[in-house]
file input.txt (compact mmCIF, C-alpha atoms and all ligand atoms)
# COMPACT_ATOMS: atom_id res chain seq x y z
CA MET A 106 112.24 224.92 162.10
CA ASP A 107 109.91 227.77 161.26
CA THR A 108 111.13 229.37 158.03
CA ARG A 109 110.76 232.83 159.57
CA THR A 110 113.06 231.73 162.36
CA SER A 111 115.66 230.44 159.96
CA ALA A 112 115.54 233.46 157.70
CA ALA A 113 115.71 235.99 160.50
CA GLU A 114 118.57 234.32 162.31
CA THR A 115 120.78 233.35 159.43
CA ALA A 116 120.36 236.54 157.44
CA ALA A 117 120.88 238.89 160.34
CA GLY A 118 123.49 236.72 162.01
CA VAL A 119 123.12 238.56 165.28
CA PHE A 120 121.64 236.03 167.67
CA SER A 121 124.41 233.63 168.57
CA ARG A 122 124.06 231.84 171.89
CA ASP A 123 125.95 229.35 174.02
CA ARG A 124 123.73 226.35 174.69
CA SER A 125 126.23 224.86 177.12
CA ALA A 126 126.36 227.89 179.39
CA ALA A 127 124.28 228.49 182.51
CA ASN A 128 123.10 231.72 180.91
CA PRO A 129 122.62 230.71 177.28
CA PHE A 130 121.64 234.10 175.91
CA VAL A 131 124.67 236.29 175.47
CA LEU A 132 125.01 239.97 174.70
CA GLN A 133 125.64 240.48 171.03
CA PRO A 134 128.68 242.75 170.76
CA LEU A 135 128.23 246.29 169.50
CA PRO A 136 129.56 246.29 165.93
CA TYR A 137 131.27 249.67 166.54
CA ALA A 138 132.76 251.70 169.39
CA GLU A 139 130.45 253.46 171.88
CA SER A 140 131.54 256.82 170.52
CA ALA A 141 131.30 255.81 166.85
CA LEU A 142 127.77 257.13 166.34
CA GLU A 143 128.55 260.63 167.61
CA PRO A 144 127.40 263.30 167.18
CA VAL A 145 124.01 261.79 166.30
CA ILE A 146 123.99 259.39 169.28
CA SER A 147 126.38 260.18 172.12
CA ALA A 148 128.66 257.61 173.73
CA ARG A 149 126.82 258.26 177.01
CA THR A 150 123.48 257.35 175.47
CA LEU A 151 124.88 254.26 173.77
CA ARG A 152 126.69 253.13 176.93
CA LEU A 153 123.47 253.31 178.96
CA HIS A 154 121.32 251.88 176.19
CA TYR A 155 123.60 248.89 175.62
CA GLY A 156 125.00 248.36 179.11
CA LYS A 157 121.86 248.97 181.17
CA HIS A 158 118.74 248.52 179.05
CA TYR A 159 119.85 245.84 176.56
CA GLU A 160 121.91 243.98 179.14
CA GLY A 161 118.95 244.12 181.51
CA TYR A 162 116.68 242.40 178.99
CA VAL A 163 119.23 239.64 178.31
CA GLU A 164 119.92 239.05 182.00
CA ALA A 165 116.21 238.92 182.83
CA LEU A 166 115.61 236.51 179.97
CA ASN A 167 118.31 234.15 181.22
CA GLU A 168 116.76 234.17 184.68
CA LEU A 169 113.25 233.60 183.33
CA VAL A 170 114.11 230.68 181.03
CA ALA A 171 116.41 228.79 183.42
CA GLY A 172 115.07 225.28 183.88
CA THR A 173 112.26 225.73 181.36
CA PRO A 174 111.84 224.43 177.80
CA PHE A 175 112.60 227.97 176.60
CA ALA A 176 116.24 227.47 177.60
CA ASP A 177 116.70 225.13 174.62
CA MET A 178 115.04 227.44 172.10
CA SER A 179 116.61 230.10 169.94
CA LEU A 180 115.78 233.70 170.76
CA THR A 181 113.53 233.94 167.71
CA GLN A 182 111.70 230.76 168.66
CA ILE A 183 110.99 232.18 172.11
CA VAL A 184 109.67 235.42 170.62
CA LEU A 185 107.35 233.54 168.28
CA SER A 186 106.14 231.02 170.84
CA THR A 187 105.40 233.51 173.66
CA ALA A 188 103.79 236.29 171.62
CA LYS A 189 100.16 236.90 172.58
CA GLU A 190 100.42 234.34 175.40
CA PRO A 191 99.48 236.23 178.58
CA GLU A 192 101.01 233.50 180.73
CA TYR A 193 104.42 234.25 179.20
CA ALA A 194 104.12 238.01 178.85
CA THR A 195 107.27 238.72 180.87
CA VAL A 196 109.31 236.18 178.90
CA PHE A 197 108.04 237.71 175.67
CA HIS A 198 108.84 241.25 176.81
CA ASN A 199 112.47 240.43 177.57
CA ALA A 200 113.02 238.04 174.65
CA ALA A 201 111.56 240.49 172.13
CA GLN A 202 113.53 243.40 173.53
CA ALA A 203 116.73 241.30 173.44
CA TRP A 204 115.93 240.44 169.79
CA ASN A 205 114.98 243.99 168.84
CA HIS A 206 118.10 245.55 170.33
CA ALA A 207 120.51 243.01 168.80
CA PHE A 208 118.86 243.85 165.48
CA TYR A 209 118.89 247.60 166.15
CA TRP A 210 122.65 247.78 166.80
CA ARG A 211 123.17 246.36 163.31
CA SER A 212 120.57 248.70 161.80
CA LEU A 213 122.91 251.60 162.52
CA SER A 214 126.42 252.20 161.25
CA PRO A 215 129.02 254.98 161.63
CA THR A 216 129.18 254.94 157.83
CA GLY A 217 125.40 254.73 157.41
CA GLY A 218 122.96 257.12 155.81
CA GLY A 219 123.72 257.88 152.22
CA PHE A 220 122.33 255.61 149.56
CA PRO A 221 121.45 251.90 149.34
CA SER A 222 123.02 249.45 146.94
CA HIS A 223 121.61 249.32 143.42
CA ALA A 224 119.62 246.13 144.07
CA LEU A 225 117.99 247.54 147.21
CA LYS A 226 117.41 250.89 145.52
CA LEU A 227 115.37 249.17 142.81
CA ARG A 228 113.18 247.50 145.45
CA ILE A 229 112.77 250.81 147.32
CA ASP A 230 111.88 252.68 144.15
CA SER A 231 109.32 250.00 143.28
CA ALA A 232 107.65 250.12 146.70
CA PHE A 233 107.94 253.80 147.68
CA GLY A 234 108.79 255.71 144.51
CA HIS A 235 112.17 256.90 145.71
CA LEU A 236 114.48 256.80 148.74
CA GLU A 237 113.32 260.12 150.18
CA ALA A 238 109.73 258.86 150.25
CA LEU A 239 110.82 255.78 152.22
CA LYS A 240 112.79 257.96 154.66
CA GLU A 241 109.74 260.18 155.10
CA GLU A 242 107.54 257.14 155.85
CA LEU A 243 110.06 255.84 158.37
CA SER A 244 110.30 259.27 159.95
CA ILE A 245 106.52 259.57 160.26
CA ALA A 246 106.21 256.06 161.71
CA ALA A 247 108.96 256.71 164.24
CA THR A 248 107.63 260.11 165.21
CA MET A 249 103.96 259.19 165.35
CA GLN A 250 104.46 256.02 167.39
CA PHE A 251 102.65 256.95 170.61
CA GLY A 252 104.83 256.21 173.61
CA SER A 253 107.52 253.53 173.50
CA GLY A 254 108.01 251.40 170.42
CA TRP A 255 109.82 250.82 167.18
CA ALA A 256 109.69 251.83 163.51
CA TRP A 257 110.62 249.14 160.99
CA LEU A 258 111.33 248.55 157.35
CA VAL A 259 109.96 245.07 156.67
CA LEU A 260 109.34 242.59 153.92
CA ASP A 261 105.63 241.73 154.01
CA GLY A 262 105.15 238.89 151.57
CA ALA A 263 107.01 240.18 148.52
CA LYS A 264 106.49 243.86 149.32
CA LEU A 265 108.63 246.34 151.26
CA ARG A 266 106.61 248.19 153.90
CA VAL A 267 107.11 250.57 156.82
CA VAL A 268 105.39 249.60 160.06
CA LYS A 269 105.51 250.70 163.68
CA THR A 270 105.08 248.54 166.76
CA ASP A 271 104.17 249.25 170.39
CA ASN A 272 106.58 248.62 173.23
CA GLU A 273 108.46 245.34 172.57
CA GLU A 274 106.28 244.08 169.71
CA ASN A 275 108.19 242.71 166.72
CA PRO A 276 107.01 242.34 163.09
CA LEU A 277 108.04 238.65 163.10
CA ILE A 278 104.89 237.80 165.02
CA ALA A 279 102.80 239.29 162.20
CA ASP A 280 104.61 237.15 159.61
CA MET A 281 106.73 240.06 158.40
CA LYS A 282 110.51 239.94 158.02
CA PRO A 283 112.37 242.84 159.66
CA LEU A 284 114.95 244.60 157.46
CA LEU A 285 115.77 247.64 159.64
CA ALA A 286 114.73 248.88 163.08
CA ILE A 287 114.64 252.32 164.70
CA ASP A 288 114.24 252.36 168.48
CA VAL A 289 111.99 255.18 169.67
CA TRP A 290 111.86 254.31 173.34
CA GLU A 291 112.93 257.45 175.20
CA HIS A 292 116.08 255.68 176.47
CA ALA A 293 117.34 255.68 172.85
CA TYR A 294 117.47 259.46 172.54
CA TYR A 295 116.29 261.40 175.59
CA LEU A 296 119.74 262.24 177.02
CA ASP A 297 120.76 263.78 173.71
CA TYR A 298 117.49 265.19 172.37
CA GLN A 299 115.06 265.34 175.34
CA ASN A 300 111.58 265.40 173.77
CA ARG A 301 112.81 266.15 170.22
CA ARG A 302 112.26 262.64 168.88
CA ALA A 303 111.75 263.84 165.31
CA ASP A 304 115.14 265.59 165.33
CA HIS A 305 116.80 262.37 166.50
CA VAL A 306 115.03 260.26 163.89
CA HIS A 307 115.88 262.58 161.00
CA LYS A 308 119.57 262.51 161.95
CA VAL A 309 119.55 258.73 162.30
CA LEU A 310 118.05 258.40 158.84
CA ASP A 311 120.47 260.88 157.28
CA LYS A 312 123.69 259.74 159.01
CA LEU A 313 123.41 256.28 160.57
CA ILE A 314 120.81 254.03 158.99
CA ASN A 315 122.52 250.93 157.66
CA TRP A 316 121.18 250.24 154.16
CA ASP A 317 123.74 247.46 153.73
CA PHE A 318 122.18 245.59 156.66
CA ALA A 319 118.74 245.98 155.07
CA ALA A 320 120.10 244.63 151.78
CA GLU A 321 121.72 241.71 153.61
CA ASN A 322 118.44 240.83 155.33
CA LEU A 323 116.54 241.19 152.06
CA GLY A 324 119.05 239.06 150.21
CA ALA A 325 119.69 241.95 147.85
CA ALA A 326 123.23 242.78 148.89
FE FE B 401 116.14 250.54 173.39

call {"tool": "encode", "arguments": {"input": "input.txt", "output": "structure tokens"}}
result
Amino acid sequence: MDTRTSAAETAAGVFSRDRSAANPFVLQPLPYAESALEPVISARTLRLHYGKHYEGYVEALNELVAGTPFADMSLTQIVLSTAKEPEYATVFHNAAQAWNHAFYWRSLSPTGGGFPSHALKLRIDSAFGHLEALKEELSIAATMQFGSGWAWLVLDGAKLRVVKTDNEENPLIADMKPLLAIDVWEHAYYLDYQNRRADHVHKVLDKLINWDFAAENLGAA
């Protein structure tokens, strides 16, 4: 198995599936109540985001992979094997969005924000100088992403970096390991913030971002 596949799936632990089922890709449960992220993200936004958008990607993926070799692959394997393959663009779109959202739910926490663990703090200080500089980079990436996409904290080789991706693109396909994700598709914030994406992102970083999840993915918990 590709080492990126193994690392991403075992560290994050968010991509379980049922190989025996007709629809092998299952919704990963929200790790908190729909209202738990209020007032930064309303229950209404989270209900629609999880129950309509995320569920839609997973359902479409199950329909697309039925009876194909993709049905026996892990979600990460599908993402990696369909990226940049025009023939499988629709499979990639839904698989990557299923992956990204399962990862995003865990990137937020009702007890998030605040400060990272000591081990992660040392890595952040080494790469960015201090936590506020990292938050500023994430904020700029999330705000400057033109149109739909994602802002990420990643491990690129041995170095922590902030990157942004268009639409459903995922850093895994550029050989980077995701540590945290911020969804900046309008469906993630528009009901609560309309066009004020920067306001949403600042509040997510101050109140919800899950540094413990980043540390877990980095192996620095
Ligand atoms: Fe989303």

call {"tool": "atom_distance", "arguments": {"input": "input.txt", "atom1": "atom CA of Leu142 of chain A", "atom2": "atom CA of Val306 of chain A"}}
result
13.3 Å

call {"tool": "closest_atom_pairs", "arguments": {"input": "input.txt", "of": "chain A", "to": "ligand FE 401 (chain B)", "cutoff": "10 Å", "atoms": "only C-alpha atoms and all ligand atoms", "output": "CSV"}}
result
residue,atom,partner,partner_atom,distance
A:Leu151,CA,B:FE401,FE,9.5
A:Leu153,CA,B:FE401,FE,9.6
A:His154,CA,B:FE401,FE,6.0
A:Tyr155,CA,B:FE401,FE,8.0
A:Lys157,CA,B:FE401,FE,9.8
A:His158,CA,B:FE401,FE,6.5
A:Tyr159,CA,B:FE401,FE,6.8
A:Tyr162,CA,B:FE401,FE,9.9
A:Gln202,CA,B:FE401,FE,7.6
A:Ala203,CA,B:FE401,FE,9.3
A:Asn205,CA,B:FE401,FE,8.1
A:His206,CA,B:FE401,FE,6.2
A:Ala207,CA,B:FE401,FE,9.8
A:Tyr209,CA,B:FE401,FE,8.3
A:Trp210,CA,B:FE401,FE,9.7
A:Ser253,CA,B:FE401,FE,9.1
A:Gly254,CA,B:FE401,FE,8.7
A:Trp255,CA,B:FE401,FE,8.9
A:Asn272,CA,B:FE401,FE,9.8
A:Glu273,CA,B:FE401,FE,9.3
A:Ile287,CA,B:FE401,FE,9.0
A:Asp288,CA,B:FE401,FE,5.6
A:Val289,CA,B:FE401,FE,7.3
A:Trp290,CA,B:FE401,FE,5.7
A:Glu291,CA,B:FE401,FE,7.8
A:His292,CA,B:FE401,FE,6.0
A:Ala293,CA,B:FE401,FE,5.3
A:Tyr294,CA,B:FE401,FE,9.1

call {"tool": "closest_residue", "arguments": {"input": "input.txt", "among": "A:Tyr193, A:Trp257, A:Trp316, A:Trp204", "to": "Val170 of chain A", "atoms": "all atoms listed in the file"}}
result
A:Tyr193

call {"tool": "residues_around", "arguments": {"input": "input.txt", "residues": "Leu243 of chain A", "least_positions_apart": "6", "cutoff": "10 Å", "atoms": "only C-alpha atoms", "output": "PyMOL selection string"}}
result
chain A and resi 237+249+256-258+266-269+286-287+306-307+310

call {"tool": "closest_residue", "arguments": {"input": "input.txt", "among": "A:Ala320, A:Leu169, A:Ala238, A:Leu185", "to": "Met281 of chain A", "atoms": "all atoms listed in the file"}}
result
A:Leu185

call {"tool": "residues_around", "arguments": {"input": "input.txt", "residues": "segment 231-236 of chain A", "least_positions_apart": "6", "cutoff": "10 Å", "atoms": "all atoms listed in the file", "output": "list in words"}}
result
Gly219, Phe220, Pro221, Leu225, Glu242, Lys264, Leu265, Arg266 and Val267 of chain A

call {"tool": "residues_around", "arguments": {"input": "input.txt", "residues": "Pro144 of chain A", "least_positions_apart": "2", "cutoff": "10 Å", "atoms": "all atoms listed in the file", "output": "ChimeraX atom specification"}}
result
/A:140-142,146-148,297,308,312

call {"tool": "closest_residue", "arguments": {"input": "input.txt", "among": "A:Val309, A:Leu260, A:Leu277, A:Leu213", "to": "Gly324 of chain A", "atoms": "all atoms listed in the file"}}
result
A:Leu260

call {"tool": "atom_distance", "arguments": {"input": "input.txt", "atom1": "atom CA of Leu132 of chain A", "atom2": "atom CA of Val163 of chain A"}}
result
6.8 Å

call {"tool": "closest_residue", "arguments": {"input": "input.txt", "among": "A:Asp280, A:Glu143, A:Glu164, A:Asp230", "to": "Val259 of chain A", "atoms": "all atoms listed in the file"}}
result
A:Asp280

call {"tool": "closest_residue", "arguments": {"input": "input.txt", "among": "A:Lys226, A:Tyr298, A:Ile278, A:Leu239", "to": "Leu323 of chain A", "atoms": "all atoms listed in the file"}}
result
A:Lys226

call {"tool": "decode", "arguments": {"input": "input.txt", "residues": "segment 150-178 of chain A", "atoms": "C-alpha atoms", "output": "CSV table (one decimal), in the first residue's frame"}}
result
chain,number,residue,atom,x,y,z
A,150,THR,CA,-25.3,25.4,8.4
A,151,LEU,CA,-23.8,22.2,9.8
A,152,ARG,CA,-27.0,20.2,9.2
A,153,LEU,CA,-27.1,21.3,5.5
A,154,HIS,CA,-23.3,20.9,5.1
A,155,TYR,CA,-23.2,17.4,6.6
A,156,GLY,CA,-26.7,16.1,5.6
A,157,LYS,CA,-26.9,17.5,2.0
A,158,HIS,CA,-23.5,18.3,0.7
A,159,TYR,CA,-21.3,15.7,2.4
A,160,GLU,CA,-23.9,13.0,2.1
A,161,GLY,CA,-24.4,13.9,-1.5
A,162,TYR,CA,-20.7,13.3,-2.3
A,163,VAL,CA,-20.7,9.9,-0.5
A,164,GLU,CA,-23.9,8.8,-2.2
A,165,ALA,CA,-22.7,9.8,-5.6
A,166,LEU,CA,-19.4,8.0,-5.0
A,167,ASN,CA,-21.2,4.8,-4.1
A,168,GLU,CA,-23.2,5.0,-7.3
A,169,LEU,CA,-20.1,5.7,-9.4
A,170,VAL,CA,-17.9,2.9,-8.0
A,171,ALA,CA,-20.6,0.2,-8.0
A,172,GLY,CA,-19.3,-2.7,-10.1
A,173,THR,CA,-15.9,-1.1,-10.8
A,174,PRO,CA,-12.5,-1.9,-9.4
A,175,PHE,CA,-12.8,1.3,-7.3
A,176,ALA,CA,-15.4,-0.5,-5.1
A,177,ASP,CA,-12.5,-2.5,-3.6
A,178,MET,CA,-10.3,0.5,-2.9
